[in-house]
$ cat structure_13.cif   # mmCIF, C-alpha atoms
data_structure
loop_
_atom_site.label_atom_id
_atom_site.label_comp_id
_atom_site.auth_asym_id
_atom_site.auth_seq_id
_atom_site.Cartn_x
_atom_site.Cartn_y
_atom_site.Cartn_z
CA MET A 5 102.16 3.82 -4.35
CA LYS A 6 100.93 0.52 -5.70
CA TRP A 7 102.44 -2.93 -6.09
CA THR A 8 103.06 -4.06 -9.66
CA ARG A 9 101.32 -7.16 -10.99
CA ASP A 10 104.59 -9.05 -10.71
CA GLN A 11 105.03 -7.95 -7.09
CA VAL A 12 101.54 -9.22 -6.28
CA ALA A 13 102.22 -12.47 -8.13
CA ALA A 14 105.50 -12.89 -6.24
CA ARG A 15 103.72 -12.29 -2.93
CA ILE A 16 101.13 -14.98 -3.73
CA ALA A 17 103.90 -17.35 -4.81
CA ARG A 18 105.67 -16.85 -1.45
CA ASP A 19 102.43 -17.74 0.38
CA ILE A 20 102.07 -21.10 -1.42
CA PRO A 21 103.77 -23.83 0.63
CA GLU A 22 105.81 -26.70 -0.76
CA GLY A 23 103.67 -29.74 -1.54
CA ALA A 24 100.54 -27.72 -2.30
CA TYR A 25 98.24 -28.71 -5.16
CA VAL A 26 97.44 -25.42 -6.88
CA ASN A 27 95.21 -24.29 -9.73
CA LEU A 28 96.04 -20.92 -11.30
CA GLY A 29 93.07 -19.37 -13.08
CA ILE A 30 93.18 -17.92 -16.57
CA GLY A 31 94.49 -14.36 -16.89
CA LEU A 32 96.31 -12.48 -14.13
CA PRO A 33 96.82 -15.53 -11.86
CA THR A 34 98.98 -17.30 -14.46
CA LEU A 35 101.69 -14.74 -13.55
CA VAL A 36 102.10 -16.52 -10.19
CA ALA A 37 103.74 -19.49 -11.93
CA ASN A 38 106.66 -17.25 -12.98
CA HIS A 39 107.45 -16.53 -9.33
CA LEU A 40 107.30 -20.00 -7.75
CA ALA A 41 110.72 -20.80 -6.25
CA PRO A 42 112.40 -23.52 -8.33
CA ASP A 43 113.59 -25.32 -5.19
CA LYS A 44 110.02 -25.63 -3.84
CA GLU A 45 107.99 -28.57 -5.23
CA ILE A 46 104.46 -27.33 -5.96
CA PHE A 47 101.95 -29.30 -8.05
CA LEU A 48 100.19 -27.17 -10.65
CA HIS A 49 96.78 -28.50 -11.68
CA SER A 50 95.09 -27.56 -14.93
CA GLU A 51 91.42 -28.43 -15.14
CA ASN A 52 91.66 -29.80 -18.66
CA GLY A 53 93.55 -32.76 -17.19
CA ILE A 54 97.09 -32.11 -15.92
CA LEU A 55 98.87 -32.39 -12.58
CA GLY A 56 102.52 -31.40 -12.58
CA MET A 57 102.14 -28.81 -15.31
CA GLY A 58 105.42 -27.23 -16.40
CA PRO A 59 106.24 -23.94 -18.11
CA ALA A 60 105.63 -23.01 -21.74
CA PRO A 61 107.74 -25.02 -24.18
CA ALA A 62 110.56 -23.51 -26.23
CA ALA A 63 109.47 -22.05 -29.56
CA GLY A 64 109.00 -24.90 -32.02
CA ASP A 65 108.37 -27.51 -29.30
CA GLU A 66 104.65 -26.73 -28.86
CA ASP A 67 102.27 -29.70 -28.91
CA PRO A 68 98.64 -28.84 -29.78
CA GLU A 69 97.55 -31.76 -27.57
CA LEU A 70 99.43 -30.47 -24.52
CA ILE A 71 97.70 -27.26 -23.49
CA ASN A 72 96.50 -25.58 -20.29
CA ALA A 73 93.02 -24.38 -19.36
CA GLY A 74 93.72 -21.14 -21.23
CA LYS A 75 94.48 -23.30 -24.31
CA GLN A 76 98.12 -22.18 -24.36
CA PRO A 77 100.89 -24.73 -24.99
CA VAL A 78 102.55 -26.02 -21.81
CA THR A 79 104.84 -28.88 -20.75
CA LEU A 80 104.59 -31.75 -18.26
CA LEU A 81 107.13 -32.10 -15.44
CA ALA A 82 108.69 -35.46 -14.58
CA GLY A 83 106.14 -37.17 -12.33
CA GLY A 84 103.25 -35.30 -13.92
CA ALA A 85 100.03 -37.03 -14.96
CA TYR A 86 97.20 -36.71 -17.48
CA PHE A 87 93.60 -37.60 -16.63
CA HIS A 88 90.09 -37.09 -17.93
CA HIS A 89 87.72 -34.27 -17.00
CA ALA A 90 85.66 -36.19 -14.44
CA ASP A 91 88.80 -36.99 -12.45
CA SER A 92 90.01 -33.43 -12.86
CA PHE A 93 86.81 -31.97 -11.43
CA ALA A 94 86.69 -34.60 -8.69
CA MET A 95 90.04 -33.13 -7.63
CA ILE A 96 88.48 -29.66 -7.64
CA ARG A 97 85.00 -30.29 -6.22
CA GLY A 98 86.21 -32.98 -3.85
CA GLY A 99 88.43 -30.53 -1.99
CA HIS A 100 91.72 -32.09 -3.11
CA VAL A 101 93.09 -28.89 -4.67
CA ASP A 102 94.63 -26.90 -1.81
CA ILE A 103 94.72 -23.43 -3.36
CA CYS A 104 93.09 -21.85 -6.36
CA VAL A 105 94.06 -18.35 -7.51
CA LEU A 106 91.32 -16.57 -9.48
CA GLY A 107 90.83 -13.17 -11.01
CA ALA A 108 87.69 -11.19 -10.13
CA PHE A 109 85.41 -8.36 -11.18
CA GLN A 110 84.19 -7.99 -7.59
CA VAL A 111 84.54 -9.65 -4.18
CA SER A 112 82.09 -8.95 -1.37
CA ILE A 113 83.05 -8.44 2.26
CA THR A 114 81.61 -11.87 3.02
CA GLY A 115 83.71 -13.54 0.33
CA ASP A 116 81.16 -13.76 -2.48
CA LEU A 117 82.96 -13.88 -5.82
CA ALA A 118 81.89 -12.40 -9.17
CA ASN A 119 84.31 -13.23 -11.96
CA TRP A 120 82.53 -15.02 -14.82
CA HIS A 121 80.08 -12.64 -16.43
CA THR A 122 79.48 -8.89 -16.48
CA GLY A 123 75.77 -9.49 -17.00
CA ALA A 124 75.72 -7.02 -19.87
CA PRO A 125 72.93 -8.04 -22.26
CA ASP A 126 75.12 -8.13 -25.38
CA THR A 127 77.77 -10.46 -23.94
CA ILE A 128 77.82 -14.21 -24.39
CA PRO A 129 77.96 -15.98 -21.03
CA ALA A 130 80.89 -18.39 -20.59
CA VAL A 131 81.65 -19.94 -17.21
CA GLY A 132 84.22 -22.70 -17.81
CA GLY A 133 85.49 -24.15 -14.53
CA ALA A 134 85.18 -20.96 -12.47
CA MET A 135 82.16 -22.03 -10.40
CA ASP A 136 83.64 -25.44 -9.65
CA LEU A 137 86.95 -23.92 -8.56
CA ALA A 138 85.22 -21.28 -6.43
CA VAL A 139 83.34 -23.82 -4.31
CA GLY A 140 85.74 -26.74 -4.53
CA ALA A 141 89.27 -25.54 -3.80
CA ARG A 142 90.15 -25.62 -0.09
CA ARG A 143 91.35 -22.01 -0.22
CA VAL A 144 90.39 -19.50 -2.90
CA PHE A 145 92.80 -16.61 -3.39
CA VAL A 146 91.64 -13.69 -5.51
CA MET A 147 94.22 -11.67 -7.43
CA MET A 148 92.92 -8.40 -8.83
CA GLU A 149 93.42 -4.63 -9.04
CA HIS A 150 92.01 -2.88 -5.99
CA LEU A 151 90.01 -0.42 -8.10
CA THR A 152 88.32 -0.57 -11.49
CA ARG A 153 89.72 1.50 -14.36
CA THR A 154 87.24 4.22 -13.43
CA GLY A 155 88.34 4.18 -9.78
CA GLU A 156 85.43 2.22 -8.28
CA PRO A 157 86.14 -0.22 -5.44
CA LYS A 158 86.15 -3.89 -6.50
CA ILE A 159 85.78 -4.99 -2.88
CA VAL A 160 82.14 -4.25 -2.18
CA GLU A 161 79.42 -4.79 0.37
CA ARG A 162 77.37 -6.79 -2.14
CA CYS A 163 78.44 -7.85 -5.62
CA THR A 164 76.48 -6.18 -8.41
CA TYR A 165 77.88 -8.50 -11.08
CA PRO A 166 76.44 -12.05 -11.37
CA LEU A 167 77.94 -14.33 -8.71
CA THR A 168 80.38 -17.15 -9.36
CA GLY A 169 80.18 -18.49 -5.82
CA VAL A 170 78.81 -17.57 -2.40
CA ARG A 171 81.16 -17.03 0.59
CA CYS A 172 83.99 -18.82 -1.17
CA VAL A 173 86.95 -16.39 -1.14
CA SER A 174 89.58 -16.88 1.58
CA ARG A 175 92.05 -14.11 0.78
CA ILE A 176 92.26 -11.12 -1.57
CA TYR A 177 95.53 -9.90 -3.08
CA THR A 178 95.33 -6.49 -4.75
CA ASP A 179 97.87 -3.91 -5.88
CA MET A 180 97.25 -2.07 -2.58
CA ALA A 181 96.68 -4.69 0.11
CA VAL A 182 96.34 -8.30 1.18
CA LEU A 183 93.06 -8.95 3.00
CA ASP A 184 91.68 -12.06 4.70
CA VAL A 185 87.97 -12.81 4.60
CA THR A 186 87.02 -13.84 8.15
CA PRO A 187 83.72 -14.45 9.93
CA ALA A 188 84.31 -11.07 11.62
CA GLY A 189 84.79 -9.29 8.29
CA LEU A 190 87.87 -8.36 6.29
CA THR A 191 91.18 -8.11 8.07
CA VAL A 192 94.28 -6.47 6.63
CA VAL A 193 97.24 -8.83 6.33
CA ASP A 194 99.49 -6.40 4.50
CA MET A 195 99.36 -3.00 2.81
CA VAL A 196 101.55 -1.27 0.29
CA ASP A 197 104.18 0.99 1.94
CA GLY A 198 102.98 4.53 2.55
CA LEU A 199 99.27 3.70 2.49
CA SER A 200 97.29 4.38 5.64
CA LEU A 201 94.40 2.25 6.86
CA ALA A 202 92.12 5.27 6.42
CA GLU A 203 93.20 5.60 2.77
CA LEU A 204 92.66 1.88 2.20
CA LYS A 205 89.16 2.09 3.66
CA GLN A 206 88.39 4.99 1.32
CA CYS A 207 88.95 2.82 -1.74
CA THR A 208 87.31 -0.28 -0.29
CA ALA A 209 83.56 -0.31 0.23
CA LEU A 210 83.89 -1.66 3.74
CA GLU A 211 85.29 -1.30 7.21
CA ALA A 212 88.56 -3.21 7.14
CA SER A 213 90.30 -3.80 10.44
CA ARG A 214 93.85 -4.76 11.21
CA MET B 25 85.05 -62.22 -35.27
CA VAL B 26 84.09 -58.87 -33.79
CA THR B 27 85.45 -55.74 -35.31
CA LYS B 28 84.29 -52.21 -34.67
CA VAL B 29 86.68 -50.79 -37.24
CA VAL B 30 85.00 -49.05 -40.16
CA GLU B 31 86.75 -48.00 -43.34
CA SER B 32 86.05 -44.27 -43.44
CA PRO B 33 84.78 -41.33 -41.40
CA ALA B 34 81.73 -41.29 -43.71
CA ALA B 35 80.90 -44.88 -42.77
CA ALA B 36 81.57 -44.06 -39.13
CA VAL B 37 78.90 -41.33 -38.98
CA SER B 38 76.28 -43.04 -41.13
CA GLY B 39 72.83 -43.14 -39.58
CA VAL B 40 73.03 -39.98 -37.46
CA ALA B 41 69.43 -38.73 -37.47
CA ASP B 42 68.06 -35.22 -37.73
CA GLY B 43 67.45 -33.81 -34.27
CA ALA B 44 70.01 -36.11 -32.63
CA THR B 45 71.98 -35.14 -29.52
CA VAL B 46 75.66 -35.37 -30.46
CA MET B 47 78.50 -35.16 -27.96
CA ILE B 48 81.75 -33.89 -29.45
CA GLY B 49 84.97 -34.39 -27.50
CA GLY B 50 87.73 -31.85 -27.15
CA PHE B 51 88.88 -28.90 -25.14
CA GLY B 52 89.40 -26.21 -27.74
CA THR B 53 90.98 -28.12 -30.60
CA ALA B 54 92.81 -30.65 -28.36
CA GLY B 55 90.81 -33.87 -28.71
CA MET B 56 88.35 -32.43 -31.24
CA PRO B 57 87.55 -35.27 -33.71
CA ALA B 58 87.84 -33.04 -36.77
CA ALA B 59 87.53 -35.79 -39.41
CA LEU B 60 84.32 -37.16 -37.83
CA VAL B 61 82.78 -33.70 -37.61
CA GLU B 62 83.67 -33.05 -41.25
CA ALA B 63 82.05 -36.35 -42.19
CA LEU B 64 78.96 -35.43 -40.18
CA ILE B 65 78.66 -32.18 -42.14
CA ALA B 66 78.79 -34.18 -45.38
CA GLN B 67 76.33 -36.75 -43.99
CA GLY B 68 73.80 -33.96 -43.63
CA ALA B 69 72.02 -34.47 -40.30
CA GLY B 70 70.52 -31.21 -39.02
CA GLY B 71 68.63 -29.79 -36.06
CA LEU B 72 71.31 -31.22 -33.82
CA THR B 73 71.87 -30.61 -30.12
CA VAL B 74 75.63 -30.52 -29.59
CA VAL B 75 77.27 -31.17 -26.23
CA CYS B 76 80.86 -29.93 -26.19
CA ASN B 77 83.04 -27.92 -23.81
CA ASN B 78 83.37 -25.07 -26.30
CA ALA B 79 81.35 -23.77 -29.23
CA GLY B 80 83.92 -24.05 -31.97
CA ASN B 81 87.21 -22.47 -32.94
CA GLY B 82 87.95 -20.78 -36.24
CA GLU B 83 85.99 -22.38 -39.08
CA THR B 84 86.86 -26.06 -38.70
CA GLY B 85 85.39 -28.86 -36.59
CA LEU B 86 82.37 -27.79 -34.55
CA ALA B 87 82.59 -24.24 -35.94
CA ALA B 88 82.13 -25.65 -39.45
CA LEU B 89 79.11 -27.70 -38.31
CA LEU B 90 77.61 -24.54 -36.83
CA LYS B 91 78.40 -22.55 -39.96
CA ALA B 92 76.63 -25.19 -42.04
CA GLY B 93 73.48 -24.45 -40.03
CA ARG B 94 73.12 -27.97 -38.61
CA VAL B 95 73.04 -27.10 -34.94
CA ARG B 96 69.88 -26.07 -33.10
CA LYS B 97 71.31 -26.00 -29.60
CA VAL B 98 74.72 -25.99 -27.93
CA ILE B 99 75.25 -27.25 -24.37
CA CYS B 100 78.71 -26.15 -23.27
CA SER B 101 80.72 -24.46 -20.51
CA PHE B 102 82.73 -21.91 -22.43
CA PRO B 103 81.37 -20.74 -25.80
CA ARG B 104 83.25 -17.47 -25.93
CA GLN B 105 86.77 -17.69 -27.34
CA ALA B 106 89.05 -15.38 -29.26
CA ASP B 107 88.14 -17.35 -32.40
CA SER B 108 84.52 -18.39 -31.73
CA TYR B 109 83.14 -15.84 -34.20
CA VAL B 110 80.97 -18.37 -36.06
CA PHE B 111 79.07 -19.26 -32.89
CA ASP B 112 79.00 -15.65 -31.68
CA ALA B 113 77.28 -14.45 -34.87
CA LEU B 114 74.70 -17.27 -34.84
CA TYR B 115 73.95 -16.70 -31.15
CA ARG B 116 73.51 -12.96 -31.60
CA ALA B 117 71.24 -13.60 -34.59
CA GLY B 118 69.10 -15.91 -32.44
CA LYS B 119 69.86 -18.89 -34.69
CA VAL B 120 71.27 -21.16 -32.00
CA VAL B 121 70.13 -21.87 -28.44
CA LEU B 122 72.80 -21.86 -25.73
CA GLU B 123 72.79 -23.73 -22.42
CA VAL B 124 75.81 -22.74 -20.34
CA VAL B 125 76.84 -25.35 -17.76
CA PRO B 126 79.77 -25.11 -15.33
CA GLN B 127 82.57 -27.28 -16.69
CA GLY B 128 82.67 -29.74 -13.80
CA THR B 129 78.89 -30.02 -13.78
CA LEU B 130 78.90 -30.59 -17.54
CA VAL B 131 81.30 -33.51 -17.32
CA GLU B 132 79.56 -34.95 -14.24
CA ARG B 133 76.17 -34.81 -15.98
CA ILE B 134 77.76 -36.73 -18.85
CA ARG B 135 79.36 -39.18 -16.42
CA ALA B 136 76.03 -39.64 -14.62
CA ALA B 137 74.30 -40.53 -17.87
CA GLY B 138 76.97 -43.09 -18.68
CA ALA B 139 76.89 -44.59 -15.21
CA GLY B 140 73.12 -44.89 -14.93
CA ILE B 141 72.82 -42.18 -12.29
CA GLY B 142 69.54 -40.25 -12.35
CA GLY B 143 70.99 -37.00 -11.02
CA PHE B 144 73.31 -35.65 -8.36
CA PHE B 145 73.73 -32.75 -5.97
CA THR B 146 76.70 -30.41 -6.40
CA ARG B 147 77.75 -27.25 -4.55
CA THR B 148 78.83 -25.76 -7.87
CA GLY B 149 76.60 -22.92 -8.99
CA TYR B 150 74.59 -22.58 -5.79
CA GLY B 151 73.40 -18.99 -5.38
CA THR B 152 74.21 -18.09 -9.00
CA THR B 153 72.04 -17.43 -12.03
CA LEU B 154 73.01 -20.85 -13.44
CA ALA B 155 71.16 -22.55 -10.57
CA GLU B 156 67.96 -20.53 -10.95
CA GLY B 157 64.89 -22.76 -11.00
CA LYS B 158 66.84 -25.82 -9.88
CA GLU B 159 66.07 -27.80 -6.77
CA SER B 160 68.57 -27.26 -3.95
CA ARG B 161 69.22 -29.13 -0.75
CA HIS B 162 71.11 -28.54 2.48
CA ILE B 163 73.51 -31.44 3.06
CA ASP B 164 76.06 -31.55 5.91
CA GLY B 165 76.26 -27.80 6.30
CA HIS B 166 76.41 -26.89 2.62
CA GLN B 167 73.89 -25.93 -0.05
CA TYR B 168 73.79 -28.20 -3.09
CA VAL B 169 72.05 -27.94 -6.47
CA LEU B 170 70.34 -30.87 -8.21
CA GLU B 171 71.71 -31.59 -11.68
CA HIS B 172 70.43 -34.12 -14.22
CA PRO B 173 72.25 -36.49 -16.57
CA ILE B 174 72.91 -35.67 -20.23
CA HIS B 175 72.41 -38.63 -22.56
CA ALA B 176 73.40 -38.57 -26.21
CA ASP B 177 72.47 -40.48 -29.32
CA VAL B 178 76.00 -40.22 -30.67
CA ALA B 179 79.43 -39.34 -29.23
CA LEU B 180 82.25 -38.31 -31.54
CA ILE B 181 85.60 -38.57 -29.78
CA LYS B 182 89.30 -38.65 -30.60
CA ALA B 183 91.87 -41.07 -29.21
CA ARG B 184 95.44 -41.98 -30.11
CA THR B 185 95.26 -45.76 -30.44
CA ALA B 186 92.52 -48.39 -30.70
CA ASP B 187 92.19 -52.09 -31.34
CA ARG B 188 89.35 -53.79 -33.24
CA TRP B 189 87.38 -54.35 -30.03
CA GLY B 190 87.27 -50.59 -29.47
CA ASN B 191 89.67 -50.35 -26.54
CA LEU B 192 91.12 -46.84 -26.48
CA VAL B 193 94.24 -45.02 -25.32
CA TYR B 194 94.38 -41.24 -25.51
CA ARG B 195 97.16 -38.70 -25.95
CA LYS B 196 98.07 -36.01 -23.38
CA THR B 197 95.40 -33.35 -22.76
CA ALA B 198 93.41 -34.50 -25.81
CA ARG B 199 91.86 -37.07 -23.44
CA ASN B 200 89.63 -34.50 -21.65
CA PHE B 201 85.94 -35.36 -22.24
CA GLY B 202 86.50 -38.45 -24.44
CA PRO B 203 86.33 -41.22 -21.82
CA LEU B 204 83.16 -39.74 -20.28
CA MET B 205 81.32 -39.03 -23.53
CA ALA B 206 82.13 -42.58 -24.63
CA THR B 207 79.99 -43.90 -21.78
CA ALA B 208 77.00 -41.58 -22.29
CA ALA B 209 76.00 -42.18 -25.91
CA ALA B 210 73.96 -44.90 -27.60
CA CYS B 211 76.60 -44.94 -30.34
CA THR B 212 80.19 -43.89 -29.59
CA ILE B 213 82.44 -43.28 -32.56
CA ALA B 214 86.19 -42.87 -32.08
CA GLU B 215 88.61 -41.26 -34.50
CA VAL B 216 92.11 -42.59 -33.82
CA SER B 217 95.62 -42.15 -35.22
CA GLU B 218 96.42 -45.85 -35.16
CA ILE B 219 94.70 -49.23 -34.90
CA VAL B 220 96.82 -52.02 -33.45
CA GLN B 221 96.35 -55.78 -33.18
CA LEU B 222 94.41 -57.21 -30.25
CA GLY B 223 96.75 -57.67 -27.31
CA ARG B 224 99.08 -54.86 -28.27
CA LEU B 225 97.45 -52.35 -25.92
CA ASP B 226 98.66 -52.83 -22.36
CA PRO B 227 95.51 -53.90 -20.45
CA GLU B 228 96.78 -51.97 -17.42
CA CYS B 229 96.80 -48.78 -19.50
CA ILE B 230 93.56 -48.99 -21.50
CA VAL B 231 91.59 -45.87 -20.58
CA THR B 232 88.29 -46.63 -22.34
CA PRO B 233 87.36 -50.32 -22.48
CA GLY B 234 85.74 -51.35 -25.76
CA ILE B 235 82.30 -51.94 -24.21
CA PHE B 236 81.78 -48.17 -24.46
CA VAL B 237 82.83 -47.90 -28.11
CA HIS B 238 80.79 -48.89 -31.18
CA ARG B 239 82.76 -47.69 -34.19
CA VAL B 240 86.44 -46.92 -34.72
CA VAL B 241 88.06 -45.24 -37.68
CA ALA B 242 91.74 -44.52 -38.32
CA VAL B 243 92.49 -41.16 -39.91
#

$ encode --input "structure_13.cif" --output "structure tokens"
Amino acid sequence: MKWTRDQVAARIARDIPEGAYVNLGIGLPTLVANHLAPDKEIFLHSENGILGMGPAPAAGDEDPELINAGKQPVTLLAGGAYFHHADSFAMIRGGHVDICVLGAFQVSITGDLANWHTGAPDTIPAVGGAMDLAVGARRVFVMMEHLTRTGEPKIVERCTYPLTGVRCVSRIYTDMAVLDVTPAGLTVVDMVDGLSLAELKQCTALEASR
Amino acid sequence: MVTKVVESPAAAVSGVADGATVMIGGFGTAGMPAALVEALIAQGAGGLTVVCNNAGNGETGLAALLKAGRVRKVICSFPRQADSYVFDALYRAGKVVLEVVPQGTLVERIRAAGAGIGGFFTRTGYGTTLAEGKESRHIDGHQYVLEHPIHADVALIKARTADRWGNLVYRKTARNFGPLMATAAACTIAEVSEIVQLGRLDPECIVTPGIFVHRVVAV
């Protein structure tokens, strides 16, 4: 049994409190926006210069000068604001963004994050705002599959991919479990129904405790 | 009478020298001053170092400048895009040098140059390959990396509205790097949709004061 991507996104959305300033990373984390309760006021930040980002516009209403960090057309909610990049990254680095949700290739048991570069020699490195978000947001949530496509654990003792940030991840949401990174190691917050702790440990390169 | 308004994009980019460092505004195509970049291609300057968040989209704007073989080095945060094939091919052929900088560090290095700051410490990048060889320092319980300012000879930016003194107002997320790049270049050139009479821009809402802007062209 595994949770679907939408179930994971919905779980993350439930854990985001009203009033939070939140940055959703490119890729999987953007799904979280679809699950935020409409009666809960949450401020979505986009690092290209938006607070109060709204959903995608209706077809035909796209504005090429109103895009998100993934360069997709978005809208601005009433009360939203535009600002330049230095202000945007002051919000991030200065610890004003409460929660950032990022995808990952690997997370280590001490909360190191690898999500920007596979390190393969033929790839072109591109970091964007990932390193700023990793160190700057007050809490960094990772949303990822528990295992790689070939069945290798993505939660590892030490990251083998190039790091994005050191000891920066607060919580990991996968399709199998929710884990907190604590000074004492990883602790299990939640697991998919029917999975035992022993089975979870088998597909996680670590000793997780409850 | 002072006017920074010039009659054409060609006049706006005149005098850009070979080997110049050129900042180009925009996040993807939002805020990319396409007419100025086109004029720069026609103007002919080569061996350029370009500072921009991305490394071009499709075959217009910065991608066209790259395709024309005018760029020696790109300093950016995110070169790889679905449609960055012009840059990708040049990079793989070893025809362009790439310096990847975290996005917040990139804009802060630009801001530092414009504000007369000789460098700054940031937590961003500490412990990663992008901080290799850089000085680090322990400050209040955290590790920081020393980063240096990026100055430019020329900044090409896009805004919505200007007046003849060079005051600028931007539009939505096309603002992005524009206000910072404007401060960091010896010559800042703004491409705008509209030029209005002095006094028509609300002084409470001017984003870039004209002191940072040298030439303005309406396109």

$ residues_around --input "structure_13.cif" --residues "stretch 227-241 of chain B" --least-positions-apart "3" --cutoff "9 Å" --atoms "all atoms listed in the file" --output "number ranges by chain"
B: 27-33, 35-37, 60, 186-194, 202-204, 206-219, 223-224

$ closest_atom_pairs --input "structure_13.cif" --of "chain A" --to "chain B" --cutoff "8 Å" --atoms "all atoms listed in the file" --output "JSON lines"
{"residue": "A:Asn52", "atom": "CA", "partner": "B:Asn200", "partner_atom": "CA", "distance": 5.9}
{"residue": "A:Gly53", "atom": "CA", "partner": "B:Thr197", "partner_atom": "CA", "distance": 5.9}
{"residue": "A:Ile54", "atom": "CA", "partner": "B:Thr197", "partner_atom": "CA", "distance": 7.2}
{"residue": "A:Pro68", "atom": "CA", "partner": "B:Ala54", "partner_atom": "CA", "distance": 6.3}
{"residue": "A:Glu69", "atom": "CA", "partner": "B:Ala54", "partner_atom": "CA", "distance": 4.9}
{"residue": "A:Leu70", "atom": "CA", "partner": "B:Thr197", "partner_atom": "CA", "distance": 5.3}
{"residue": "A:Ile71", "atom": "CA", "partner": "B:Thr197", "partner_atom": "CA", "distance": 6.6}
{"residue": "A:Lys75", "atom": "CA", "partner": "B:Gly52", "partner_atom": "CA", "distance": 6.8}
{"residue": "A:Tyr86", "atom": "CA", "partner": "B:Lys196", "partner_atom": "CA", "distance": 6.0}
{"residue": "A:Phe87", "atom": "CA", "partner": "B:Arg199", "partner_atom": "CA", "distance": 7.0}
{"residue": "A:His88", "atom": "CA", "partner": "B:Asn200", "partner_atom": "CA", "distance": 4.6}
{"residue": "A:His89", "atom": "CA", "partner": "B:Asn200", "partner_atom": "CA", "distance": 5.0}
{"residue": "A:Ala90", "atom": "CA", "partner": "B:Val131", "partner_atom": "CA", "distance": 5.9}
{"residue": "A:Phe93", "atom": "CA", "partner": "B:Gly128", "partner_atom": "CA", "distance": 5.3}
{"residue": "A:Arg97", "atom": "CA", "partner": "B:Thr148", "partner_atom": "CA", "distance": 7.8}
{"residue": "A:Ile128", "atom": "CA", "partner": "B:Arg104", "partner_atom": "CA", "distance": 6.5}
{"residue": "A:Pro129", "atom": "CA", "partner": "B:Val124", "partner_atom": "CA", "distance": 7.1}
{"residue": "A:Ala130", "atom": "CA", "partner": "B:Phe102", "partner_atom": "CA", "distance": 4.4}
{"residue": "A:Val131", "atom": "CA", "partner": "B:Ser101", "partner_atom": "CA", "distance": 5.7}
{"residue": "A:Gly132", "atom": "CA", "partner": "B:Ser101", "partner_atom": "CA", "distance": 4.8}
{"residue": "A:Gly133", "atom": "CA", "partner": "B:Gln127", "partner_atom": "CA", "distance": 4.8}
{"residue": "A:Ala134", "atom": "CA", "partner": "B:Pro126", "partner_atom": "CA", "distance": 7.4}
{"residue": "A:Met135", "atom": "CA", "partner": "B:Thr148", "partner_atom": "CA", "distance": 5.6}
{"residue": "A:Asp136", "atom": "CA", "partner": "B:Thr148", "partner_atom": "CA", "distance": 5.1}
{"residue": "A:Ala138", "atom": "CA", "partner": "B:Thr148", "partner_atom": "CA", "distance": 7.9}
{"residue": "A:Val139", "atom": "CA", "partner": "B:Thr148", "partner_atom": "CA", "distance": 6.1}
{"residue": "A:Gly140", "atom": "CA", "partner": "B:Thr148", "partner_atom": "CA", "distance": 7.7}
{"residue": "A:Pro166", "atom": "CA", "partner": "B:Thr152", "partner_atom": "CA", "distance": 6.9}
{"residue": "A:Leu167", "atom": "CA", "partner": "B:Thr152", "partner_atom": "CA", "distance": 5.3}
{"residue": "A:Thr168", "atom": "CA", "partner": "B:Thr152", "partner_atom": "CA", "distance": 6.3}
{"residue": "A:Gly169", "atom": "CA", "partner": "B:Gly149", "partner_atom": "CA", "distance": 6.5}
{"residue": "A:Val170", "atom": "CA", "partner": "B:Gly151", "partner_atom": "CA", "distance": 6.3}

$ residues_around --input "structure_13.cif" --residues "B:Val40" --least-positions-apart "4" --cutoff "12 Å" --atoms "all atoms listed in the file" --output "PyMOL selection string"
chain B and resi 34-36+44-47+60-61+63-73+176-180+210-213

$ resolve_selection --input "structure_13.cif" --expression "the PyMOL selection byres ((chain A and resi 25-35) around 10)" --output "number ranges by chain"
A: 9-14, 16-17, 20-24, 36-40, 45-51, 55-57, 72-75, 95-96, 100-108, 133-134, 137, 141-149

$ atom_distance --input "structure_13.cif" --atom1 "atom CA of A:Glu66" --atom2 "atom CA of A:Leu80"
11.7 Å

$ residues_near_point --input "structure_13.cif" --point "(83.1, -29.7, -38.0)" --cutoff "7 Å" --atoms "all atoms listed in the file" --output "list in words"
Ala58, Val61, Glu62, Ile65, Thr84, Gly85, Leu86, Ala87, Ala88 and Leu89 of chain B

$ residues_around --input "structure_13.cif" --residues "A:Thr164" --least-positions-apart "6" --cutoff "10 Å" --atoms "all atoms listed in the file" --output "JSON, numbers by chain"
{"A": [109, 110, 111, 112, 118, 122, 123]}

$ write_last_selection --input "structure_13.cif" --atoms "C-alpha atoms" --output "PDB file, keeping the file's coordinate frame"
ATOM      1  CA  PHE A 109      85.410  -8.360 -11.180  1.00  0.00           C
ATOM      2  CA  GLN A 110      84.190  -7.990  -7.590  1.00  0.00           C
ATOM      3  CA  VAL A 111      84.540  -9.650  -4.180  1.00  0.00           C
ATOM      4  CA  SER A 112      82.090  -8.950  -1.370  1.00  0.00           C
ATOM      5  CA  ALA A 118      81.890 -12.400  -9.170  1.00  0.00           C
ATOM      6  CA  THR A 122      79.480  -8.890 -16.480  1.00  0.00           C
ATOM      7  CA  GLY A 123      75.770  -9.490 -17.000  1.00  0.00           C
TER       8      GLY A 123
END

$ atom_distance --input "structure_13.cif" --atom1 "atom CA of A:Ala124" --atom2 "atom CA of A:Tyr165"
9.2 Å

$ atom_distance --input "structure_13.cif" --atom1 "atom CA of A:Asp91" --atom2 "atom CA of B:Met205"
13.5 Å
